[in-house]
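One structure is given here, and the rest of the page talks about it.
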Amino acid sequence: MAKLIFSDIDGTLINTDLKVTPKTRDAIRRQIIKGNVFVPVSARMPKAIMTAAGQITNGCPMIAYNGALVLDEMGKPLNSQFMTAKTAAEICQYAEDKNSGSAWNVYSGYNWYCSKNKSSLVEDEEKIVAVKAIPVSIDQIKKLKGVHKVLLMGKPKVLDQMKADLTPKYPNLYLVKSAPHLLEIMVQGVSKGKGVETLAKEFNVKLQDCWGFGDNYNDEAMLDVVGHPALMGNAPEDLKKKIGTVTADNNHDGIADALEKM
């Protein structure tokens with residue numbers, strides 16, 4: 001019976017040099033050869049997911065935008081949930097009005113948009129994911145058909161304040177930090193856990209036959225639903241206590257170590 005292996009990317013699948021280590025790559029490839037299915041799960045856009053997953057395989061199902069977009073191995077959408085362009089534009093305007101050195105990013109389908117005066121924070125992200133953002137005005141954001149995700153980048157304390165400001169104002173949105181300097185915003189009901197459930201159903205695999213690897217708070221919903229959750233050694237301490245199963249960190253082949261015990 002096939003198993004599904006779900007893995008977060010940043011801080012989990014790739015090391016601090018943004019590479020899948022040879023040991024982790026080979027461990028996942030061995031699982032694929034056995035007939036198991038590897039599924040990258042990320043806050044990233046599809047193209048940026050393949051920057052990492054492409055180091056292992058040429059094609060795979062994926063969960064993008066923290067679960068707002070779920071694609072099968074042929075790239076067909078199995079689930080797509082988005083906020084209105086108007087809401088996304090309001091959040092971008094709020095971030096600009098704050099004038100706190102933060103940067104907004106809007107993701108719609110396969111495209112990534114940023115402010116016309118591209119922030120160095122955005123340029124840093126471009127280097128990490130090997131994808132270029134498209135500079136646009138907020139008026140152009142308003143014309144999009146729908147938005148899968150808004151990402152705010154900035155100082156951790158500034159983002160904590162933004163999260164506190166925006167949460168009561170947009171009760172239909174889900175705000176979660178994927179890193180101290182990154183605040184992800186999607187519609188309520190979107191989570192990596194829901195994405196996992198969608199793909200498990202598609203492949204007719206029981207959740208108890210699913211493995212999940214993550215390193216941060218936006219991975220919690222995924223780790224809660226799979227039968228075999230594992231947290232990386234570089235994860236926050238409070239999360240380690242909650243999840244229980246901890247493997248080595250992302251620089252020391254944590255995924256490979258856990259898969260070898262499979």
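The way I read the labels, and the way they are meant: chains A, B, ... in the order of the structure tokens, residue 1 as the first residue of every chain, and ligand 1 as the first ligand shown, with later ones counted on from there.
Neighbours of region 212-224 of chain A closer than or equal to 8 Å, with only C-alpha atoms counted and sequence neighbours fewer than 3 positions away skipped, come out as Ile5, Phe6, Ser7, Asp8, Ile9, Gly11, Thr12, Asn66, Val176, Lys177, Ser178, Ala179, Ser191, Lys192, Gly193, Lys194, Val196, His228, Pro229, Ala230, Leu231, Met232, Gly233, Asn234, Ala235, Pro236, Leu239, Ile243 and Ile255 of chain A.
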Go ahead and save the residues from that selection, with C-alpha atoms, as a compact mmCIF listing (two decimals), in the first residue's frame.
# COMPACT_ATOMS: atom_id res chain seq x y z
CA ILE A 5 5.39 11.64 2.37
CA PHE A 6 4.58 15.32 2.94
CA SER A 7 7.41 17.76 3.53
CA ASP A 8 7.65 21.46 4.19
CA ILE A 9 10.49 23.12 2.25
CA GLY A 11 13.90 24.94 7.21
CA THR A 12 12.86 21.34 6.54
CA ASN A 66 0.00 26.86 2.77
CA VAL A 176 0.13 32.77 10.44
CA LYS A 177 3.88 33.37 10.72
CA SER A 178 6.02 30.98 8.68
CA ALA A 179 9.22 32.64 9.98
CA SER A 191 -4.14 25.09 6.03
CA LYS A 192 -1.46 22.60 5.16
CA GLY A 193 -3.54 20.03 7.06
CA LYS A 194 -6.54 20.53 4.76
CA VAL A 196 -2.88 16.92 3.14
CA HIS A 228 3.59 9.89 11.38
CA PRO A 229 4.51 13.51 12.17
CA ALA A 230 8.14 14.55 12.64
CA LEU A 231 9.45 17.95 13.60
CA MET A 232 12.91 19.10 12.60
CA GLY A 233 15.54 19.72 15.27
CA ASN A 234 15.59 23.42 14.31
CA ALA A 235 11.88 23.90 15.19
CA PRO A 236 10.73 26.15 18.08
CA LEU A 239 6.25 23.12 19.10
CA ILE A 243 4.34 17.35 18.50
CA ILE A 255 14.20 13.75 6.91
Checklist line | Thr24 (chain A) environment, 6 Å, only C-alpha atoms, sequence neighbours closer than 3 positions dropped, as number ranges by chain | finding: A: 21, 27, 253, 256
Margin query: Using DSSP assignments from the backbone, pull out every residue in region 39-130 of chain A that falls under alpha helix (DSSP H) and give it to me as a PyMOL selection string.
Written below: chain A and resi 46-53+85-98+120-129
Please, could you write that set of residues out with N, CA and C atoms as a CSV table (one decimal), in the first residue's frame?
chain,number,residue,atom,x,y,z
A,46,PRO,N,3.9,27.7,-6.7
A,46,PRO,CA,4.3,26.4,-7.4
A,46,PRO,C,5.7,26.4,-8.0
A,47,LYS,N,6.0,27.5,-8.7
A,47,LYS,CA,7.3,27.5,-9.4
A,47,LYS,C,8.5,27.5,-8.4
A,48,ALA,N,8.2,28.2,-7.3
A,48,ALA,CA,9.3,28.3,-6.2
A,48,ALA,C,9.4,26.9,-5.4
A,49,ILE,N,8.3,26.2,-5.4
A,49,ILE,CA,8.3,24.8,-4.8
A,49,ILE,C,9.2,24.0,-5.6
A,50,MET,N,9.1,24.1,-7.0
A,50,MET,CA,10.0,23.2,-7.8
A,50,MET,C,11.4,23.6,-7.8
A,51,THR,N,11.7,24.8,-7.4
A,51,THR,CA,13.2,25.2,-7.2
A,51,THR,C,13.8,24.2,-6.2
A,52,ALA,N,13.1,23.8,-5.2
A,52,ALA,CA,13.6,22.9,-4.2
A,52,ALA,C,13.3,21.4,-4.6
A,53,ALA,N,12.0,21.1,-4.9
A,53,ALA,CA,11.6,19.7,-5.2
A,53,ALA,C,12.2,19.2,-6.4
A,85,ALA,N,-9.5,40.4,-4.7
A,85,ALA,CA,-8.4,41.3,-5.0
A,85,ALA,C,-8.5,42.6,-4.2
A,86,LYS,N,-9.8,43.0,-3.9
A,86,LYS,CA,-10.1,44.2,-3.1
A,86,LYS,C,-9.5,44.1,-1.7
A,87,THR,N,-9.7,42.9,-1.1
A,87,THR,CA,-9.2,42.7,0.2
A,87,THR,C,-7.7,42.7,0.2
A,88,ALA,N,-7.1,42.0,-0.7
A,88,ALA,CA,-5.6,42.0,-0.9
A,88,ALA,C,-5.0,43.4,-1.0
A,89,ALA,N,-5.7,44.2,-1.9
A,89,ALA,CA,-5.2,45.6,-2.1
A,89,ALA,C,-5.3,46.4,-0.8
A,90,GLU,N,-6.4,46.2,0.0
A,90,GLU,CA,-6.5,46.9,1.2
A,90,GLU,C,-5.4,46.6,2.2
A,91,ILE,N,-5.0,45.3,2.2
A,91,ILE,CA,-3.9,44.9,3.1
A,91,ILE,C,-2.6,45.5,2.7
A,92,CYS,N,-2.4,45.5,1.4
A,92,CYS,CA,-1.1,46.1,0.8
A,92,CYS,C,-1.1,47.6,1.2
A,93,GLN,N,-2.2,48.3,1.0
A,93,GLN,CA,-2.3,49.7,1.3
A,93,GLN,C,-2.0,50.0,2.8
A,94,TYR,N,-2.6,49.1,3.7
A,94,TYR,CA,-2.3,49.2,5.1
A,94,TYR,C,-0.9,49.1,5.4
A,95,ALA,N,-0.2,48.1,4.7
A,95,ALA,CA,1.2,47.9,5.0
A,95,ALA,C,2.1,49.1,4.5
A,96,GLU,N,1.7,49.7,3.4
A,96,GLU,CA,2.4,50.9,2.9
A,96,GLU,C,2.2,52.1,3.8
A,97,ASP,N,0.9,52.2,4.3
A,97,ASP,CA,0.6,53.4,5.2
A,97,ASP,C,1.3,53.3,6.5
A,98,LYS,N,1.6,52.0,7.0
A,98,LYS,CA,2.4,51.8,8.2
A,98,LYS,C,3.8,52.4,8.1
A,120,SER,N,14.4,45.5,-0.6
A,120,SER,CA,15.5,44.6,-0.5
A,120,SER,C,15.0,43.2,0.1
A,121,LEU,N,14.0,43.3,0.9
A,121,LEU,CA,13.4,42.1,1.5
A,121,LEU,C,12.9,41.1,0.4
A,122,VAL,N,12.2,41.8,-0.6
A,122,VAL,CA,11.7,41.0,-1.7
A,122,VAL,C,12.9,40.4,-2.6
A,123,GLU,N,13.9,41.3,-2.8
A,123,GLU,CA,15.1,40.8,-3.5
A,123,GLU,C,15.7,39.6,-2.9
A,124,ASP,N,15.8,39.6,-1.5
A,124,ASP,CA,16.4,38.5,-0.8
A,124,ASP,C,15.5,37.2,-1.0
A,125,GLU,N,14.2,37.4,-1.0
A,125,GLU,CA,13.3,36.3,-1.2
A,125,GLU,C,13.5,35.7,-2.6
A,126,GLU,N,13.6,36.6,-3.6
A,126,GLU,CA,13.8,36.2,-5.0
A,126,GLU,C,15.1,35.3,-5.1
A,127,LYS,N,16.1,35.6,-4.4
A,127,LYS,CA,17.3,34.8,-4.4
A,127,LYS,C,17.1,33.4,-3.8
A,128,ILE,N,16.3,33.4,-2.7
A,128,ILE,CA,16.0,32.1,-2.0
A,128,ILE,C,15.2,31.2,-2.9
A,129,VAL,N,14.1,31.7,-3.5
A,129,VAL,CA,13.2,30.8,-4.3
A,129,VAL,C,13.5,30.7,-5.8
Next item on the list: Would you kindly return, as an MDAnalysis selection string, each protein, DNA or RNA residue with an atom no farther than 7 Å from any atom of Asn15 (chain A), considering only C-alpha atoms and excluding same-chain residues fewer than 3 positions away?
Entry: chainID A and resid 11 18:20 250:251
Margin query: Quick check for you: according to DSSP on this backbone, which residues of region 47-236 of chain A are classed as strand (DSSP E or B)? Reply as a count of residues only.
Written below: 53
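You can rank A:Lys23, A:Lys149, A:Lys118, A:Lys76 by their closest distance to Lys132 (chain A) using only C-alpha atoms, and at the top of that list sits A:Lys118.
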